[in-house]
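Content type mmCIF, C-alpha atoms, from the file protein10.cif:
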```cif
data_coords
loop_
_atom_site.group_PDB
_atom_site.id
_atom_site.type_symbol
_atom_site.label_atom_id
_atom_site.label_comp_id
_atom_site.auth_asym_id
_atom_site.auth_seq_id
_atom_site.Cartn_x
_atom_site.Cartn_y
_atom_site.Cartn_z
ATOM 1 C CA MET A 250 -231.234 -40.849 36.619
ATOM 2 C CA SER A 251 -229.420 -40.073 39.832
ATOM 3 C CA SER A 252 -231.175 -38.408 42.717
ATOM 4 C CA ASP A 253 -228.383 -35.878 43.269
ATOM 5 C CA PHE A 254 -229.301 -32.534 41.740
ATOM 6 C CA LEU A 255 -225.758 -31.713 40.628
ATOM 7 C CA GLU A 256 -225.339 -35.070 38.891
ATOM 8 C CA GLN A 257 -228.650 -34.557 37.100
ATOM 9 C CA LEU A 258 -227.514 -31.118 36.050
ATOM 10 C CA ALA A 259 -224.195 -32.498 34.767
ATOM 11 C CA GLN A 260 -226.033 -35.007 32.567
ATOM 12 C CA MET A 261 -228.374 -32.451 30.972
ATOM 13 C CA HIS A 262 -227.753 -31.331 27.402
ATOM 14 C CA VAL A 263 -227.062 -27.621 27.007
ATOM 15 C CA ALA A 264 -227.527 -25.979 23.638
ATOM 16 C CA GLU A 265 -224.534 -24.292 22.049
ATOM 17 C CA PRO A 266 -224.629 -20.500 21.925
ATOM 18 C CA PRO A 267 -225.300 -18.863 18.556
ATOM 19 C CA PRO A 268 -222.208 -18.357 16.366
ATOM 20 C CA ALA A 269 -222.299 -14.558 16.701
ATOM 21 C CA PHE A 270 -222.795 -14.659 20.483
ATOM 22 C CA ASP A 271 -219.156 -13.937 21.379
ATOM 23 C CA ARG A 272 -218.888 -11.053 18.942
ATOM 24 C CA GLN A 273 -222.179 -9.531 20.107
ATOM 25 C CA LEU A 274 -221.170 -9.920 23.744
ATOM 26 C CA HIS A 275 -217.793 -8.275 23.147
ATOM 27 C CA GLN A 276 -219.391 -5.416 21.227
ATOM 28 C CA ARG A 277 -221.898 -4.739 24.014
ATOM 29 C CA VAL A 278 -219.262 -4.917 26.738
ATOM 30 C CA ASN A 279 -216.804 -2.767 24.799
ATOM 31 C CA ARG A 280 -219.476 -0.156 24.071
ATOM 32 C CA SER A 281 -220.515 0.062 27.718
ATOM 33 C CA LEU A 282 -216.887 0.239 28.871
ATOM 34 C CA LEU A 283 -216.121 2.988 26.358
ATOM 35 C CA VAL A 284 -219.081 5.062 27.526
ATOM 36 C CA ARG A 285 -218.126 4.549 31.158
ATOM 37 C CA HIS A 286 -214.496 5.525 30.535
ATOM 38 C CA LEU A 287 -215.503 8.636 28.602
ATOM 39 C CA VAL A 288 -217.926 9.730 31.316
ATOM 40 C CA GLU A 289 -215.312 9.162 34.016
ATOM 41 C CA PHE A 290 -212.663 10.998 32.004
ATOM 42 C CA PHE A 291 -214.784 14.051 31.234
ATOM 43 C CA THR A 292 -216.220 14.331 34.736
ATOM 44 C CA GLY A 293 -212.751 13.904 36.199
ATOM 45 C CA ALA A 294 -211.275 16.457 33.802
ATOM 46 C CA PHE A 295 -214.076 18.898 34.569
ATOM 47 C CA LEU A 296 -213.645 18.468 38.317
ATOM 48 C CA TRP A 297 -209.866 18.888 38.016
ATOM 49 C CA ALA A 298 -210.232 22.048 35.914
ATOM 50 C CA PHE A 299 -212.853 23.416 38.300
ATOM 51 C CA GLY A 300 -210.541 22.698 41.238
ATOM 52 C CA GLN A 301 -207.694 24.511 39.513
ATOM 53 C CA TRP A 302 -209.943 27.463 38.798
ATOM 54 C CA MET A 303 -211.184 27.554 42.406
ATOM 55 C CA ARG A 304 -207.597 27.349 43.676
ATOM 56 C CA ASP A 305 -206.517 30.327 41.567
ATOM 57 C CA LEU A 306 -209.662 32.404 42.111
ATOM 58 C CA PRO A 307 -208.519 34.067 45.400
ATOM 59 C CA HIS A 308 -205.207 35.093 43.813
ATOM 60 C CA GLY A 309 -206.894 37.348 41.260
ATOM 61 C CA SER A 310 -205.848 35.368 38.225
ATOM 62 C CA PHE A 311 -209.433 35.159 37.030
ATOM 63 C CA ILE A 312 -209.970 37.569 34.138
ATOM 64 C CA PRO A 313 -213.602 37.911 33.022
#
```

What does this structure look like when you write it as structure tokens?
Amino acid sequence: MSSDFLEQLAQMHVAEPPPAFDRQLHQRVNRSLLVRHLVEFFTGAFLWAFGQWMRDLPHGSFIP
């Protein structure tokens, strides 16, 4: 065994990931990205609509 830590690490055996690991990882990442995109879209759309409403409010175009 070599005394260099990196050489020791290179010689160590690493177990293979489970067969479904890639699929599970992609599903988790895709789910979190979808939720993030939806939250960003709806908050952005709400803020845009609110800004449009606030812009038109002084002009009397607001009808209750």

Could you tell me how far CA of Glu265 (chain A) lies from CA of Leu282 (chain A), in Å and to one decimal? 26.6 Å

Mind giving me the straight-line distance from CA of Leu306 (chain A) to CA of Thr292 (chain A) in Å, one decimal? 20.6 Å

Kindly compute an axis-aligned box around the listed atoms of region 287-305 of chain A, allowing 8 Å on each side, and express its centre and edge lengths in Å to one decimal as lines of an AutoDock Vina configuration file.
```
center_x = -212.2
center_y = 19.5
center_z = 36.1
size_x = 27.4
size_y = 37.7
size_z = 31.1
```

Would you compute the distance between CA of Leu255 (chain A) and CA of Asp271 (chain A)? Give it in Å to one decimal.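 Here the two named atoms are 27.0 Å from each other.
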